[in-house]
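K.L.:
Okay, so here is final.cif, and as you'll see once you scroll down, it has mmCIF, C-alpha atoms and all ligand atoms.
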data_start
loop_
_atom_site.label_atom_id
_atom_site.label_comp_id
_atom_site.auth_asym_id
_atom_site.auth_seq_id
_atom_site.Cartn_x
_atom_site.Cartn_y
_atom_site.Cartn_z
CA MET F 1 12.89 26.67 -38.13
CA LYS F 2 10.92 23.50 -38.77
CA GLU F 3 13.96 21.60 -37.55
CA GLN F 4 13.99 23.64 -34.33
CA LEU F 5 10.34 22.88 -33.71
CA LYS F 6 11.02 19.20 -34.25
CA VAL F 7 13.87 19.36 -31.75
CA LEU F 8 11.63 21.10 -29.20
CA ALA F 9 8.98 18.44 -29.66
CA GLU F 10 11.59 15.72 -29.16
CA MET F 11 12.88 17.48 -26.05
CA GLN F 12 9.39 17.65 -24.60
CA LYS F 13 8.95 13.91 -25.25
CA LEU F 14 12.11 13.25 -23.25
CA ASP F 15 10.95 15.57 -20.47
CA ASP F 16 7.62 13.71 -20.41
CA LYS F 17 9.62 10.53 -19.93
CA ILE F 18 11.57 12.13 -17.07
CA GLY F 19 8.24 13.20 -15.56
CA GLN F 20 7.01 9.61 -15.68
CA TYR F 21 10.20 8.40 -13.99
CA ARG F 22 9.66 11.01 -11.27
CA VAL F 23 6.12 9.72 -10.70
CA LEU F 24 7.56 6.21 -10.37
CA GLN F 25 10.14 7.53 -7.91
CA ASP F 26 7.19 8.53 -5.76
CA VAL F 27 4.91 5.55 -6.40
CA LEU F 28 7.28 2.56 -6.37
CA PRO F 29 8.71 3.09 -2.85
CA LYS F 30 5.12 3.39 -1.63
CA GLN F 31 4.25 0.08 -3.28
CA LEU F 32 7.32 -1.49 -1.69
CA ASN F 33 6.26 -0.10 1.67
CA GLU F 34 2.76 -1.46 1.26
CA ILE F 35 4.09 -4.94 0.49
CA ASN F 36 6.27 -4.90 3.60
CA GLU F 37 3.51 -3.48 5.76
CA LYS F 38 1.16 -6.29 4.75
CA VAL F 39 3.70 -8.87 5.91
CA GLU F 40 4.24 -6.98 9.17
CA GLN F 41 0.52 -6.64 9.84
CA ALA F 42 -0.08 -10.34 9.09
CA THR F 43 2.76 -11.26 11.47
CA ILE F 44 1.26 -9.09 14.21
CA ASP F 45 -2.22 -10.58 13.69
CA LEU F 46 -0.87 -14.14 13.82
CA LEU F 47 1.10 -13.40 16.98
CA ALA F 48 -1.99 -11.87 18.59
CA GLY F 49 -4.01 -15.00 17.75
CA GLU F 50 -1.36 -17.35 19.09
CA THR F 51 -1.00 -15.31 22.27
CA GLU F 52 -4.74 -15.41 22.81
CA LYS F 53 -4.78 -19.18 22.29
CA ALA F 54 -1.92 -19.64 24.78
CA GLU F 55 -3.85 -17.58 27.36
CA ILE F 56 -6.97 -19.67 26.83
CA ASN F 57 -4.98 -22.90 27.24
CA LYS F 58 -3.41 -21.56 30.44
CA LEU F 59 -6.83 -20.75 31.83
CA GLN F 60 -8.10 -24.21 30.81
CA ARG F 61 -5.25 -25.90 32.67
CA ALA F 62 -5.87 -23.79 35.76
CA GLN F 63 -9.57 -24.63 35.78
CA GLU F 64 -8.91 -28.33 35.18
CA GLY F 65 -6.49 -28.24 38.13
CA GLU F 66 -9.13 -26.58 40.29
CA ILE F 67 -11.70 -29.24 39.34
CA LYS F 68 -9.23 -31.96 40.24
CA THR F 69 -8.51 -30.37 43.63
CA HIS F 70 -12.24 -30.14 44.34
CA GLN F 71 -12.78 -33.76 43.32
CA GLU F 72 -10.01 -34.93 45.64
CA GLN F 73 -11.51 -32.87 48.44
CA ILE F 74 -14.91 -34.45 47.83
CA LYS F 75 -13.33 -37.90 47.97
CA LYS F 76 -11.66 -37.03 51.27
CA TYR F 77 -14.90 -35.70 52.75
CA SER F 78 -16.78 -38.77 51.55
CA THR F 79 -14.48 -41.13 53.40
CA GLN F 80 -14.76 -38.91 56.49
CA LEU F 81 -18.54 -39.20 56.37
CA SER F 82 -18.44 -42.84 57.50
CA SER F 83 -16.54 -42.00 60.67
CA ILE F 84 -18.70 -39.04 61.69
CA LYS F 85 -20.49 -39.26 65.03
CA THR F 86 -22.98 -36.37 65.17
CA ASN F 87 -25.80 -35.46 62.86
CA LYS F 88 -24.67 -31.83 62.87
CA GLU F 89 -21.18 -32.70 61.66
CA TYR F 90 -22.66 -35.02 59.06
CA LYS F 91 -24.87 -32.25 57.70
CA ALA F 92 -22.02 -29.74 57.63
CA LEU F 93 -19.76 -32.08 55.70
CA ASN F 94 -22.53 -32.96 53.27
CA SER F 95 -23.25 -29.32 52.53
CA GLU F 96 -19.50 -28.79 51.99
CA ILE F 97 -19.53 -31.62 49.44
CA ALA F 98 -22.61 -30.15 47.74
CA TYR F 99 -20.89 -26.77 47.57
CA LEU F 100 -17.80 -28.30 45.92
CA LYS F 101 -19.96 -30.18 43.41
CA ASP F 102 -21.64 -26.90 42.44
CA LYS F 103 -18.23 -25.33 42.04
CA ILE F 104 -17.15 -28.19 39.78
CA SER F 105 -20.19 -27.90 37.52
CA GLU F 106 -19.65 -24.13 37.31
CA LEU F 107 -16.04 -24.67 36.30
CA GLU F 108 -17.08 -27.29 33.77
CA SER F 109 -19.48 -24.93 32.02
CA GLN F 110 -16.73 -22.28 31.99
CA LEU F 111 -14.43 -24.86 30.38
CA LEU F 112 -17.04 -25.57 27.69
CA ALA F 113 -17.28 -21.85 26.90
CA LEU F 114 -13.49 -21.67 26.74
CA MET F 115 -13.45 -24.57 24.28
CA ASP F 116 -15.78 -22.63 22.00
CA THR F 117 -13.54 -19.55 22.18
CA GLU F 118 -10.50 -21.73 21.53
CA THR F 119 -12.14 -23.15 18.40
CA GLU F 120 -12.80 -19.62 17.13
CA VAL F 121 -9.25 -18.50 17.86
CA LYS F 122 -7.84 -21.60 16.17
CA ALA F 123 -9.84 -20.83 13.03
CA ARG F 124 -8.58 -17.25 13.14
CA ILE F 125 -4.99 -18.48 13.44
CA VAL F 126 -5.48 -20.65 10.34
CA ASP F 127 -6.74 -17.57 8.45
CA CYS F 128 -3.86 -15.44 9.74
CA LYS F 129 -1.34 -18.05 8.59
CA LYS F 130 -2.92 -18.06 5.16
CA VAL F 131 -2.85 -14.25 4.94
CA LEU F 132 0.78 -14.20 6.10
CA ALA F 133 1.79 -16.86 3.57
CA GLU F 134 0.11 -14.87 0.80
CA ALA F 135 1.74 -11.61 1.93
CA GLU F 136 5.14 -13.29 2.04
CA ALA F 137 4.67 -14.87 -1.39
CA ASN F 138 3.64 -11.48 -2.76
CA LYS F 139 6.72 -9.89 -1.21
CA LYS F 140 8.98 -12.59 -2.61
CA ALA F 141 7.48 -12.16 -6.08
CA LYS F 142 7.58 -8.36 -6.24
CA GLU F 143 10.16 -6.96 -3.83
CA GLY F 144 13.26 -7.69 -5.89
CA ASP F 145 11.81 -6.31 -9.09
CA LEU F 146 10.53 -3.17 -7.36
CA LYS F 147 13.86 -2.52 -5.66
CA ALA F 148 15.69 -3.00 -8.95
CA GLN F 149 13.31 -0.58 -10.67
CA ILE F 150 13.72 2.01 -7.93
CA ASP F 151 17.52 1.66 -8.09
CA THR F 152 17.63 2.29 -11.84
CA LEU F 153 15.24 5.26 -11.93
CA GLU F 154 17.82 7.92 -11.09
CA GLU F 155 20.12 6.49 -13.74
CA LYS F 156 17.31 6.53 -16.31
CA ILE F 157 16.49 10.14 -15.46
CA GLU F 158 20.15 11.08 -15.85
CA SER F 159 20.54 9.39 -19.22
CA THR F 160 17.25 10.82 -20.52
CA ARG F 161 18.31 14.27 -19.38
CA ALA F 162 21.66 13.84 -21.13
CA GLU F 163 19.82 12.84 -24.30
CA ARG F 164 17.62 15.94 -24.01
CA ASN F 165 20.62 18.21 -23.39
CA LYS F 166 22.32 16.83 -26.49
CA LEU F 167 19.30 17.99 -28.49
CA ALA F 168 19.16 21.32 -26.66
CA VAL F 169 22.65 22.42 -27.73
CA THR F 170 21.43 22.71 -31.32
CA LEU F 171 18.98 25.46 -30.29
CA PRO F 172 19.57 29.19 -29.56
CA VAL F 173 20.52 29.80 -25.92
CA ALA F 174 17.56 32.12 -25.26
CA LEU F 175 15.14 29.46 -26.49
CA ILE F 176 16.75 26.75 -24.34
CA LYS F 177 16.51 29.03 -21.31
CA ARG F 178 12.88 29.76 -21.96
CA TYR F 179 12.19 26.05 -22.50
CA GLY F 180 14.03 25.15 -19.30
CA ASN F 181 12.14 27.71 -17.24
CA MET F 182 8.81 26.39 -18.42
CA ILE F 183 9.79 22.79 -17.68
CA LYS F 184 10.62 23.98 -14.19
CA ASN F 185 7.65 26.26 -13.59
CA LYS F 186 4.86 25.03 -15.85
CA GLY F 187 4.30 21.49 -14.61
CA ASN F 188 7.09 19.94 -16.68
CA GLN F 189 5.45 21.17 -19.89
CA ALA F 190 7.17 23.65 -22.19
CA VAL F 191 5.59 22.49 -25.44
CA ALA F 192 1.81 22.46 -25.79
CA TYR F 193 -0.10 21.25 -28.80
CA SER F 194 -3.10 23.05 -30.19
CA HIS F 195 -6.23 21.16 -29.38
CA ASP F 196 -9.50 22.13 -31.08
CA GLY F 197 -8.12 25.65 -31.59
CA SER F 198 -7.00 26.03 -27.98
CA CYS F 199 -3.68 25.74 -26.15
CA GLY F 200 -3.30 22.15 -24.92
CA GLY F 201 -1.45 23.49 -21.88
CA CYS F 202 -3.90 26.04 -20.52
CA GLY F 203 -6.98 25.91 -22.76
CA PHE F 204 -6.63 29.49 -23.99
CA VAL F 205 -8.21 30.02 -27.43
CA ILE F 206 -5.60 30.58 -30.13
CA ARG F 207 -6.16 33.59 -32.40
CA GLN F 208 -6.72 32.99 -36.11
CA GLN F 209 -3.45 34.70 -37.09
CA MET F 210 -1.52 32.42 -34.72
CA ARG F 211 -3.27 29.35 -36.06
CA ILE F 212 -1.93 30.23 -39.49
CA GLU F 213 1.54 30.70 -38.02
CA LEU F 214 1.26 27.32 -36.37
CA GLN F 215 0.47 25.73 -39.70
CA LEU F 216 3.31 27.50 -41.49
CA ARG F 217 5.82 26.36 -38.83
CA GLU F 218 8.15 29.21 -39.76
CA LYS F 219 8.61 30.63 -36.28
CA VAL F 220 8.30 29.61 -32.65
CA VAL F 221 4.79 30.52 -31.48
CA TYR F 222 4.08 31.08 -27.80
CA CYS F 223 0.71 30.81 -26.10
CA GLU F 224 -0.48 34.32 -25.26
CA ASN F 225 -1.78 33.14 -21.92
CA CYS F 226 0.63 30.56 -20.44
CA GLY F 227 3.70 31.30 -22.55
CA ARG F 228 4.22 27.69 -23.59
CA ILE F 229 5.61 26.91 -27.03
CA LEU F 230 2.62 26.10 -29.21
CA MET F 231 2.66 23.51 -31.97
CA ASN F 232 0.35 21.60 -34.20
CA HIS F 233 0.75 17.87 -34.03
CA ILE F 234 3.19 16.79 -36.75
CA GLN F 235 0.62 14.26 -37.96
CA GLU F 236 -2.02 16.98 -38.33
CA ASP F 237 0.44 18.98 -40.39
CA THR F 238 1.22 16.21 -42.83
CA THR F 239 -2.46 15.49 -43.41
CA GLU F 240 -3.21 19.18 -43.81
CA THR F 241 -0.35 20.01 -46.14
CA GLY F 242 -0.09 16.72 -47.94
ZN ZN K 301 -1.43 28.20 -22.97
#
Translate the structure described by the file into structure tokens.
Ligand SMILES: [Zn+2]
P.N.:
Amino acid sequence: MKEQLKVLAEMQKLDDKIGQYRVLQDVLPKQLNEINEKVEQATIDLLAGETEKAEINKLQRAQEGEIKTHQEQIKKYSTQLSSIKTNKEYKALNSEIAYLKDKISELESQLLALMDTETEVKARIVDCKKVLAEAEANKKAKEGDLKAQIDTLEEKIESTRAERNKLAVTLPVALIKRYGNMIKNKGNQAVAYSHDGSCGGCGFVIRQQMRIELQLREKVVYCENCGRILMNHIQEDTTETG
């Protein structure tokens, strides 16, 4: 009987291992996703910054072109001034020149504001490039390892399960079935250890008579509440009996 209990404990250890692999099967693809998403987001942010900068530069060129056109117009008007006959025409042309000069100074202050925005966007682009480089370096460093781990998990689960099944065949069929059902339905835990006089699986207080049975290790003891196989830690037993 003691041998059977030892086998059950070993089986539970292997099922714990399988449980950990299953957690990794859930967690690792998420980590991989996160790594890829960071690169994608950084790429999007950089593209947005570069697009914004290109738009600013386009606007700058358009405004510079407008200033140039106005300046040429002013030059043309200025030469016309000398050949003007009437005072009225002279005044009209002069006010046209004044209007264009106002326009130019307005455009120039807009250009200054654009330069400030461009400086900000340039700084943001530098940051984005840095973030992207870091995200790509992180991906390069971790992606391969993560993928390899994910690929081997199913294999590890299979081999651990085979190891467990090899142990299981030494036990009575009814006991294996009961064990298997609890693994399936009781959160991957068929074996619970007594913990301060309670079931480590559900917390139910173990009766005195059962505590003695647990120490004797002469039969399989089940928790009266959750049905899990109860055991004392092997270490506890050796210190208690020896
Ligand atoms: Zn219990």
K.L.:
Point out the residue among F:Asn185, F:Asn232, F:Val173, F:Gly201 with the least atom-to-atom distance to Leu216 of chain F, counting all atoms listed in the file.
P.N.:
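Result for the nearest residue to Leu216 of chain F: F:Asn232.
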K.L.:
Sorted by chain and rising residue number, which residues of chain F lie within 8 Å of ligand ZN 301 (chain K), and what are their closest atom pairs and distances in Å to one decimal, counting only C-alpha atoms and all ligand atoms, as CSV?
P.N.:
residue,atom,partner,partner_atom,distance
F:Ala192,CA,K:ZN301,ZN,7.2
F:Ser198,CA,K:ZN301,ZN,7.8
F:Cys199,CA,K:ZN301,ZN,4.6
F:Gly200,CA,K:ZN301,ZN,6.6
F:Gly201,CA,K:ZN301,ZN,4.8
F:Cys202,CA,K:ZN301,ZN,4.1
F:Gly203,CA,K:ZN301,ZN,6.0
F:Phe204,CA,K:ZN301,ZN,5.5
F:Tyr222,CA,K:ZN301,ZN,7.9
F:Cys223,CA,K:ZN301,ZN,4.6
F:Glu224,CA,K:ZN301,ZN,6.6
F:Asn225,CA,K:ZN301,ZN,5.1
F:Cys226,CA,K:ZN301,ZN,4.0
F:Gly227,CA,K:ZN301,ZN,6.0
F:Arg228,CA,K:ZN301,ZN,5.7
F:Leu230,CA,K:ZN301,ZN,7.7
K.L.:
Counting all atoms listed in the file, what is within 9 Å of Lys219 of chain F, bar same-chain residues fewer than 3 positions away, as a list of chain:residue names?
P.N.:
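Here the answer would be F:Met1, F:Lys2, F:Leu5, F:Glu213, F:Leu214, F:Leu216.
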K.L.:
Counting all atoms listed in the file, which residues of segment 129-233 of chain F fall within 10 Å of segment 24-32 of chain F, and what is the closest atom pair for each with its distance in Å at one decimal, ordered by chain and rising number, as a Markdown table?
P.N.:
| residue | atom | partner | partner_atom | distance |
| --- | --- | --- | --- | --- |
| F:Lys139 | CA | F:Leu32 | CA | 8.4 |
| F:Lys142 | CA | F:Leu32 | CA | 8.2 |
| F:Glu143 | CA | F:Leu32 | CA | 6.5 |
| F:Gly144 | CA | F:Leu32 | CA | 9.6 |
| F:Asp145 | CA | F:Leu32 | CA | 9.9 |
| F:Leu146 | CA | F:Leu28 | CA | 6.7 |
| F:Lys147 | CA | F:Leu32 | CA | 7.7 |
| F:Gln149 | CA | F:Leu28 | CA | 8.0 |
| F:Ile150 | CA | F:Gln25 | CA | 6.6 |
| F:Asp151 | CA | F:Gln25 | CA | 9.4 |
| F:Thr152 | CA | F:Gln25 | CA | 10.0 |
| F:Leu153 | CA | F:Gln25 | CA | 6.9 |
| F:Glu154 | CA | F:Gln25 | CA | 8.3 |
K.L.:
Give me the residues near Ile18 of chain F as a PyMOL selection string, where near means some atom within 8 Å (using only C-alpha atoms) and where sequence neighbours in that chain fewer than 2 positions away do not count.
P.N.:
chain F and resi 14-16+20-22+157+160-161
K.L.:
Rounded to one decimal place, report the atom CA of Gln80 of chain F-atom CA of Leu93 of chain F distance in Å.
P.N.:
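So the two atoms, atom CA of Gln80 of chain F and atom CA of Leu93 of chain F, lie 8.5 Å apart.
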K.L.:
Just to confirm, what's the straight-line distance from atom CA of Glu40 of chain F to atom CA of Glu134 of chain F in Å (one decimal)?
P.N.:
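Distance between the two atoms: 12.2 Å.
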K.L.:
Have a look at F:Cys128, F:Tyr99, F:Thr170, F:Ser194 and name the one nearest to Ala48 of chain F; count all atoms listed in the file.
P.N.:
F:Cys128
K.L.:
Calculated over all atoms listed in the file, which of the candidates F:Val23, F:Glu3, F:Lys17, F:Leu46 has the smallest distance to Leu132 of chain F?
P.N.:
F:Leu46
K.L.:
Would you please work out which residue, of F:Arg217, F:Asn36, F:Tyr77, F:Asn181, is nearest to Glu89 of chain F when using all atoms listed in the file?
P.N.:
F:Tyr77
K.L.:
Which distance in Å separates atom CA of Leu171 of chain F and atom CA of Gln12 of chain F, to one decimal?
P.N.:
13.6 Å
K.L.:
Looking at F:Thr79, F:Thr86, F:Ser159, F:Gln63, which one is nearest to Leu112 of chain F, with distances taken over only C-alpha atoms?
P.N.:
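When distances to Leu112 of chain F are compared using only C-alpha atoms, the smallest one comes from F:Gln63.
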K.L.:
Please provide the set of residues having any atom within 9 Å of Tyr179 of chain F, restricted to all atoms listed in the file, with same-chain residues fewer than 2 positions apart removed, written as JSON, numbers by chain.
P.N.:
{"F": [8, 174, 175, 176, 177, 181, 182, 183, 184, 189, 190, 191, 228, 229]}
K.L.:
Which residues come within 10 Å of segment 67-73 of chain F, counting all atoms listed in the file, excluding same-chain residues fewer than 3 positions away, as a PyMOL selection string?
P.N.:
chain F and resi 61-64+76-78+96-97+99-101+103-108
K.L.:
Considering only C-alpha atoms, can you say which of F:Ile84, F:Met11, F:Ala98, F:Ala54 comes closest to Glu118 of chain F?
P.N.:
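Under the stated criterion, the closest residue is F:Ala54.
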K.L.:
Near Gly49 of chain F, counting only C-alpha atoms, which residues have an atom at most 12 Å away, once you skip same-chain residues fewer than 6 positions from it, shown as an MDAnalysis selection string?
P.N.:
chainID F and resid 42:43 55:56 117:129
K.L.:
Return as AutoDock Vina command-line options the box centre and box size in Å, one decimal, for an axis-aligned box around all listed atoms of segment 165-172 of chain F padded by 3 Å per side.
P.N.:
--center_x 20.8 --center_y 23.0 --center_z -27.4 --size_x 9.7 --size_y 18.4 --size_z 13.9
